[in-house]
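J.: Sharing a structure with you now.
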Amino acid sequence: MLVLLFILFGAMAIGCALAVVAQRNPLYSAISLIGVFVSLACLYVMLAAPFIAAVQVIVYAGAIMVLVVFVIMLLNVEEEEHRRPRLRFLVPTAVVLAGVMIAEVAFILVTVQQSPAIPGSSTSDVGLTQSIGSALFTRYLLPFEITSILLLMAIVGAMTLARRGGLIQPRDQAKRD
Amino acid sequence: MDTQTVIDILLKFVAITVAFVVVLFVVAYTVLAERRVLGFIQGRLGPNRVGPGGLLQPFADLLKFILKEDIVPDKSTRFVYFLAPVIATMAALMTMIVYPFGPEIRIPFTDIVIPLVVAHFDIGLLYVLGVTSVGVYGIMLAGWSSNNKYSLMGGLRASSQMISYELALGLSLIGVILLAGTLDLAQIVELQSGWHGFRWFIFFHPLGFVIYLIAAIAETNRVPFDLPEAETELVAGFHTEYSAMKFALFFLAEYINMFTVSMLATTLFLGGWNVPFAEDIFGRGTFLFGLVSAIGFLLKVIFFLFLYIWLRGTLPRFRFDQLMNFGWKILLPFALLSIFITATLIFLFPNLF
């Protein structure tokens with residue numbers, strides 16, 4: 001049963017990932033990417049990590065991709081035409097990198113004989129929300145806080161860039177009120 | 001796979017089917033109630049011809065939706081155009097399974113104990129938030145694929161509005177999570193069963209409740225936040241080009257979303273299925289207790305649905321800049337304030353909670 005589900009979601013993830021690259025319409029690529037995230041979330045659930053799955057859907061599918069689709073809709077990006085790619089050296093680079101990746105996977109498959117025991121979903125509390133929360137706020141508090149400050153800096157930076165003309169002009173403010 | 005697993009899976013299928021049928025039934029009659037109540041508010045009758053008092057009107061509407069001609073705009077993006085209503089309805093229906101609508105009950109004359117919830121898992125609240133956040137794609141893609149400027153405007157408005165108010169909605173729920181210490185909806189309801197079934201979280205976190213209610217109305221695109229389909233400006237917004245059954249799916253999704261946010265409000269703030277003093281009268285775990293609790297849950301949800309209809313009959317629509325100002329400059333700071341107040345109170349009086 002679990003194997004069947006794994007094959008289903010795995011195939012979905014791979015199919016969507018291929019579609020992201022193969023589609024010429026940017027909106028179709030974006031939709032396929034959402035499909036990848038959702039199928040990955042399903043795989044996380046099967047690995048007894050429901051919290052990660054929920055965060056994956058909320059953050060990636062629910063927030064970031066909404067923004068991407070929003071921008072594509074707003075700019076009305078046209079379908080990319082068939083033309084020779086400008087950066088030709090990328091093609092051999094990609095082939096080499098893909099070869100390295102396949103070699104790595106093959107190496108792991110050959111050398112690693114025994115996979116670690118799968119923790120039972122009912123006994124283990126590794127992926128549960130409570131254990132993640134207590135770990136984040138006790139043992140890993142410093143990295144957590146540093147990440148928060150980093151994100152805050154990114155937000156402030158984005159706002160500064162968006163307001164390149166300085167503060168809101170008094171004229172606009174008056175018009176708005 | 002042994003017999004027990006097969007039976008469990010079959011039972012889940014039955015439970016899901018029953019839940020969906022109930023949802024569709026409630027939605028159909030919410031639509032009718034909306035038309036009748038709006039009629040009453042506006043001093044007219046509303047639909048009252050089909051069946052006694054208009055009670056069969058939803059079936060007549062359904063028949064009409066099925067029989068109408070299905071028009072697909074010539075230059076629409078076909079695949080996405082068909083996908084959009086499916087996403088909207090699916091995302092709306094998928095949240096239905098996590099709400100506990102009653103306590104665990106024992107079936108009379110047997111020893112079988114069943115919890116009155118379709119699926120019970122650790123992260124129920126996050127699941128609801130995640131699935132709802134995917135629902136926005138239905139509206140966005142509908143607006144984009146119709147190849148119509150009004151649709152596109154409606155889709156853009158809907159997505160920006162839903163992203164903005166999702167923040168306030170999420171923040172208003174954090175107070176409840178702090179009080180409960182869990183994301184499991186069944187446990188959250190269980191924690192509210194003290195004080196003879198009246199220990200509701202609304203008394204500890206009232207500001208959060210108000211913010212949740214406002215943000216939830218905006219999330220479901222209802223009056224006074226119905227800018228995505230403002231008929232005076234955008235014809236019908238994102239579903240201008242949709243007809244027949246595909247329009248019905250959007251219609252369905254909107255009302256299911258109303259039902260969902262009402263159920264979430266009931267579960268988190270109004271004690272879920274807890275009916276005051278029901279436990280003292282019937283005793284825990286009995287069949288009657290389960291029945292009374294389920295009816296109590298449904299009545300609370302119906303109260304919220306009525307509130308929605310009432311608001312629609314009473315309030316005018318926001319302007320778009322007012323909507324954004326309200327969401328970002330008023331609702332969001334107050335949501336943060338409510339978290340601060342609740343967290344401080346929990347820290348100062350840990351015994352009270």
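Each chain of the structure tokens is named A, B, ... in the order shown, its residues numbered from 1; ligands are numbered from 1 in display order.
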What residues in chain A lie within 10 Å of chain B, counting only C-alpha atoms, written as a PyMOL selection string?
T.: chain A and resi 1+27-28+31+34+38+50-51+53-63+65-67+69-74+76+128-130+176
J.: Would you pick out the contacts of region 333-348 of chain B at 7 Å or less, using only C-alpha atoms, so that residues sharing its chain but fewer than 3 positions from it are not included, and give the list as a ChimeraX atom specification?
T.: /B:168,171-172,174-175,205,207-208,211,329-330,353
J.: Those same residues - C-alpha atoms - I'd like them written as a CSV table (one decimal), in the first residue's frame.
T.:
chain,number,residue,atom,x,y,z
B,168,ALA,CA,-4.1,38.6,9.8
B,171,LEU,CA,-1.9,35.7,13.4
B,172,SER,CA,-5.4,35.8,15.0
B,174,ILE,CA,-1.8,32.0,17.2
B,175,GLY,CA,-3.5,33.1,20.5
B,205,HIS,CA,-8.9,35.7,23.4
B,207,LEU,CA,-9.7,40.4,20.2
B,208,GLY,CA,-8.4,37.5,18.2
B,211,ILE,CA,-9.9,39.8,13.9
B,329,LYS,CA,-2.6,49.1,8.8
B,330,ILE,CA,-5.4,48.2,11.2
B,353,PHE,CA,-5.5,29.0,31.6
J.: Among region 97-335 of chain B, which ones does DSSP place in strand (DSSP E or B), written as a list of chain:residue names?
T.: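 Result set for region 97-335 of chain B (strand (DSSP E or B)): B:Glu104, B:Ile105, B:Arg106, B:Val113, B:Ile114, B:Pro115.
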J.: Looking only at the backbone, which of the residues in region 184-314 of chain B does DSSP tag as alpha helix (DSSP H), as an MDAnalysis selection string?
T.: chainID B and resid 185:191 194:197 206:219 231:234 244:269 278:282 287:314
J.: Could you name the residues that touch Ser29 (chain A) at 10 Å or less, counting only C-alpha atoms, but leaving out those on the same chain fewer than 2 positions away, as a list in words?
T.: Cys16, Ala17, Leu18, Ala19, Val20, Val21, Ala22, Gln23, Arg24, Asn25, Pro26, Leu27, Ile31, Ser32, Leu33, Ile34, Gly35 and Val69 of chain A
J.: Work out how far apart CA of Pro115 (chain B) and CA of Phe101 (chain B) are and give it in Å to one decimal.
T.: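 Pair CA of Pro115 (chain B) / CA of Phe101 (chain B) returns 9.1 Å.
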J.: Would you pick out the contacts of Gly154 (chain B) at 9 Å or less, using only C-alpha atoms, so that residues sharing its chain but fewer than 2 positions from it are not included, and give the list as a list of chain:residue names?
T.: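 Near neighbours after the sequence-gap exclusion: B:Ile139, B:Met140, B:Gly143, B:Lys149, B:Tyr150, B:Ser151, B:Leu152, B:Leu156, B:Arg157, B:Ala158, B:Ser159, B:Leu227, B:Pro228, B:Glu229, B:Ala230, B:Leu234, B:Ala236, B:Gly237, B:Phe238, B:His239.
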J.: Between CA of Leu161 (chain A) and CA of Met324 (chain B), what is the distance in Å, rounded to a tenth?
T.: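 According to the coordinates, CA of Leu161 (chain A) and CA of Met324 (chain B) are separated by 20.6 Å.
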